[in-house]
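This report refers to the structure that appears directly beneath it.
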Amino acid sequence: MKPGATLGLSHGFLYGHLKATGQSLRPDIDFIMMAPKGMGKSCRQLYLQGLTINGAGINSSVAVEQDTNGRALDYALGWAVATGSPVTFFTTMEKEVISDLTGERAFLLGGIWGAVEALYEKFSGPMGGIAAFLASAKGLTSTVSDLISKHGLLGFYRELDHNYKDAFRRGYVAAFAPAKKLIEEIYANVASWAEIREVVEATEALKGGPMSDIETSEMWQVGKTLYESHPLMNPELAYSAGVYIAGIMAQMQVLLEHGHCVSELFNESLDEAIRSLNPFMDKRGVGHMVNNCSPTARLGARKCGPRFKEALASAMISGVDPTEENAEFASFLGNPLHEDIAKCSAFRPPVKLIVD
């Protein structure tokens with residue numbers, strides 16, 4: 001590259017790889033990032049929807065690692081505008097790659113996959129496969145996601161019928177602690193750059209064959225005829241919503257405790273899931289969502305999804321001490337993040353992604 005040229009990233013992976021291998025870029029070039037908060041297909045589709053819907057587009061974050069002429073931030077912001085980003089947030093390359101890889105392995109991709117499989121197993125015995133699928137995978141990506149988009153996480157709970165609030169609470173307190181513990185482990189592995197080294201090795205191994213199919217369990221065969229459904233709320237779906245929202249809150253809490261700004265944890269834990277990723281799973285299943293993402297995300301989901309399934313299934317069986325249960329849920333109700341979520345959400349027009 002010529003001196004004064006600009007190297008721009010749409011994802012922090014290269015930065016993480018440089019860190020993991022002890023390398024750095026020459027100091028005479030600009031080094032910037034403009035990262036859309038969602039997969040490429042979502043970015044393109046929402047951009048096209050912007051032809052007729054003002055404010056359609058996908059949120060992005062920008063970072064400047066090196067600036068040789070004082071214009072690097074202008075370039076990053078111009079790139080965001082050109083891709084139709086309605087809201088652009090500031091971050092650093094290091095914070096972005098860590099939060100992004102953690103989120104992919106947790107409740108953007110791997111976590112929700114593991115959670116719905118655990119929920120399906122819990123419900124399918126007493127309810128049967130069709131009702132269990134509607135109360136887990138389909139219900140979370142349609143009914144619950146729509147309500148979260150409209151009301152927020154706390155608002156979702158407050159809007160529930162009184163008869164469903166107890167089921168939500170039981171799901172939340174069962175899932176929060178095991179989800180947070182596993183996300184902490186994932187974060188530590190990502191932040192040490194070990195995860196990136198593993199991804200590079202795994203990508204090399206893919207030359208010998210494709211990635212495994214992730215829709216091998218019974219539930220995905222049952223669900224093939226149910227993707228046009230929009231389930232009504234019931235106690236089982238309220239319980240599933242409690243599990244899912246616990247995972248989102250645990251992920252945001254981990255990022256917050258490690259110094260990530262509120263806008264970043266909002267984007268990497270909630271907005272990207274509801275507005276960019278879940279619509280793909282809702283349309284055609286978890287494989288359709290995961291496999292439309294980057295190889296990094298696809299590998300991470302395959303690694304961590306089964307771990308979330310095991311941890312959450314075990315938690316749903318074991319139950320929770322009543323004293324701990326009350327304290328955990330009280331923390332959810334009074335968490336100041338709800339106000340922050342409302343402020344971040346207010347910046348973004350309520351546009352729903354149309355998935356072909």
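By convention in this document, the chains of the structure tokens carry letters A, B, ... by their order, each chain's residues are numbered from 1, and ligands are numbered from 1 in the order they are shown.
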Per residue of range 156-215 of chain A within 8 Å of range 281-293 of chain A, what are the shortest atom pair and its distance in Å to one decimal, counting only C-alpha atoms, with rows by chain and residue number, as a Markdown table?
```
| residue | atom | partner | partner_atom | distance |
| --- | --- | --- | --- | --- |
| A:Asp213 | CA | A:Gly287 | CA | 7.6 |
| A:Ile214 | CA | A:Gly287 | CA | 6.1 |
| A:Glu215 | CA | A:Gly287 | CA | 6.2 |
```
**Report entry** Nearby residues (only C-alpha atoms) at most 10 Å from range 26-37 of chain A, same-chain spacing under 5 positions excluded, as an MDAnalysis selection string
**Finding:** chainID A and resid 1:12 15 42:43 57:73 75:80 83:85 88:93 96:97 100 264 267:268 271:273 275:277
Could the residues in this selection be written to a file with C-alpha atoms, as a PDB file, in the first residue's frame?
```pdb
ATOM      1  CA  MET A   1       0.000   0.000   0.000  1.00  0.00           C
ATOM      2  CA  LYS A   2       1.149   3.533  -0.722  1.00  0.00           C
ATOM      3  CA  PRO A   3       1.983   5.834   2.230  1.00  0.00           C
ATOM      4  CA  GLY A   4      -1.154   7.727   3.241  1.00  0.00           C
ATOM      5  CA  ALA A   5      -3.491   5.053   1.834  1.00  0.00           C
ATOM      6  CA  THR A   6      -6.409   3.797   3.908  1.00  0.00           C
ATOM      7  CA  LEU A   7      -7.023   0.204   4.953  1.00  0.00           C
ATOM      8  CA  GLY A   8     -10.677  -0.211   5.938  1.00  0.00           C
ATOM      9  CA  LEU A   9     -12.264  -3.194   7.691  1.00  0.00           C
ATOM     10  CA  SER A  10     -15.912  -4.151   8.014  1.00  0.00           C
ATOM     11  CA  HIS A  11     -15.104  -6.573  10.849  1.00  0.00           C
ATOM     12  CA  GLY A  12     -12.376  -6.590  13.495  1.00  0.00           C
ATOM     13  CA  TYR A  15      -7.071  -6.631  13.876  1.00  0.00           C
ATOM     14  CA  SER A  42     -29.228  -7.994   6.226  1.00  0.00           C
ATOM     15  CA  CYS A  43     -27.091  -4.971   5.424  1.00  0.00           C
ATOM     16  CA  GLY A  57     -30.574   0.407   7.039  1.00  0.00           C
ATOM     17  CA  ILE A  58     -28.434  -1.364   9.574  1.00  0.00           C
ATOM     18  CA  ASN A  59     -26.674   0.211  12.553  1.00  0.00           C
ATOM     19  CA  SER A  60     -22.901   0.347  12.331  1.00  0.00           C
ATOM     20  CA  SER A  61     -19.945   1.101  14.540  1.00  0.00           C
ATOM     21  CA  VAL A  62     -16.787   2.928  13.495  1.00  0.00           C
ATOM     22  CA  ALA A  63     -13.253   2.949  14.858  1.00  0.00           C
ATOM     23  CA  VAL A  64      -9.985   4.636  13.935  1.00  0.00           C
ATOM     24  CA  GLU A  65      -6.797   2.792  14.828  1.00  0.00           C
ATOM     25  CA  GLN A  66      -4.347   4.928  12.807  1.00  0.00           C
ATOM     26  CA  ASP A  67      -4.869   8.379  11.291  1.00  0.00           C
ATOM     27  CA  THR A  68      -2.087   9.805   9.121  1.00  0.00           C
ATOM     28  CA  ASN A  69      -3.766  12.950   7.793  1.00  0.00           C
ATOM     29  CA  GLY A  70      -6.576  13.830  10.208  1.00  0.00           C
ATOM     30  CA  ARG A  71      -9.305  12.587   7.854  1.00  0.00           C
ATOM     31  CA  ALA A  72      -9.589   8.914   8.870  1.00  0.00           C
ATOM     32  CA  LEU A  73     -12.757   9.435  10.931  1.00  0.00           C
ATOM     33  CA  TYR A  75     -13.668   8.254   5.789  1.00  0.00           C
ATOM     34  CA  ALA A  76     -15.170   5.817   8.312  1.00  0.00           C
ATOM     35  CA  LEU A  77     -18.310   7.926   8.790  1.00  0.00           C
ATOM     36  CA  GLY A  78     -18.683   8.417   5.041  1.00  0.00           C
ATOM     37  CA  TRP A  79     -18.518   4.671   4.568  1.00  0.00           C
ATOM     38  CA  ALA A  80     -21.275   4.216   7.168  1.00  0.00           C
ATOM     39  CA  THR A  83     -24.112   1.748   3.354  1.00  0.00           C
ATOM     40  CA  GLY A  84     -27.322   3.339   4.633  1.00  0.00           C
ATOM     41  CA  SER A  85     -26.540   3.157   8.345  1.00  0.00           C
ATOM     42  CA  THR A  88     -23.473   5.003  13.802  1.00  0.00           C
ATOM     43  CA  PHE A  89     -21.718   4.310  17.106  1.00  0.00           C
ATOM     44  CA  PHE A  90     -18.087   4.842  18.109  1.00  0.00           C
ATOM     45  CA  THR A  91     -15.871   2.072  19.433  1.00  0.00           C
ATOM     46  CA  THR A  92     -12.307   0.762  19.151  1.00  0.00           C
ATOM     47  CA  MET A  93     -11.155  -2.096  16.955  1.00  0.00           C
ATOM     48  CA  GLU A  96     -15.457  -4.395  18.495  1.00  0.00           C
ATOM     49  CA  VAL A  97     -13.759  -7.669  17.662  1.00  0.00           C
ATOM     50  CA  ASP A 100     -18.531  -9.297  18.116  1.00  0.00           C
ATOM     51  CA  GLU A 264     -21.855  -1.560  21.881  1.00  0.00           C
ATOM     52  CA  ASN A 267     -25.880  -3.554  19.372  1.00  0.00           C
ATOM     53  CA  GLU A 268     -23.940  -6.788  19.919  1.00  0.00           C
ATOM     54  CA  ASP A 271     -30.384  -4.953  18.262  1.00  0.00           C
ATOM     55  CA  GLU A 272     -28.376  -7.162  15.922  1.00  0.00           C
ATOM     56  CA  ALA A 273     -30.275 -10.228  17.102  1.00  0.00           C
ATOM     57  CA  ARG A 275     -33.293  -6.748  13.614  1.00  0.00           C
ATOM     58  CA  SER A 276     -30.705  -8.657  11.595  1.00  0.00           C
ATOM     59  CA  LEU A 277     -30.334 -12.295  12.642  1.00  0.00           C
TER      60      LEU A 277
END
```
**Report entry** Minimum-distance residue to Lys95 in chain A, chosen among A:Ile317, A:Val262, A:Leu160, A:Val355 (using only C-alpha atoms)
**Finding:** A:Val262
Query raised in the report: Mind checking DSSP for range 197-327 of chain A and telling me the alpha helix (DSSP H) residues as a PyMOL selection string?
Result: chain A and resi 197-205+218-223+235-257+262-266+272+278-284+286-290+295-318+322-327
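As for CA of Tyr187 in chain A and CA of Thr102 in chain A, they are spaced 5.6 Å apart.
The nearest approach to Lys343 in chain A among the residues A:Gly152, A:Ala311, A:Gly242, A:Val200, with only C-alpha atoms taken into account, belongs to A:Gly152.
Atom pair CA of Leu337 in chain A / CA of Leu119 in chain A: separated by 26.4 Å.
Taking only C-alpha atoms into account, Arg307 in chain A lies nearest to A:Ile186 out of the set A:Ile186, A:Ile341, A:Val173, A:Ile354.
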Query - Near-Ala246 in chain A list (12 Å; only C-alpha atoms; drop same-chain fewer than 6 positions) as a ChimeraX atom specification - result: /A:106-107,111-112,115,153-154,157,168-180,183,239-240,252-253,269-270,312,328-329,331-333
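Each of A:Gln221, A:Ser149, A:Ser24, A:Ser142 was checked against Arg348 in chain A using only C-alpha atoms; the smallest atom-to-atom distance is that of A:Ser149.
The smallest atom-to-atom distance between Ala191 in chain A and any of A:Glu325, A:Glu94, A:Glu159, A:Asp340, using only C-alpha atoms, is found for A:Glu94.
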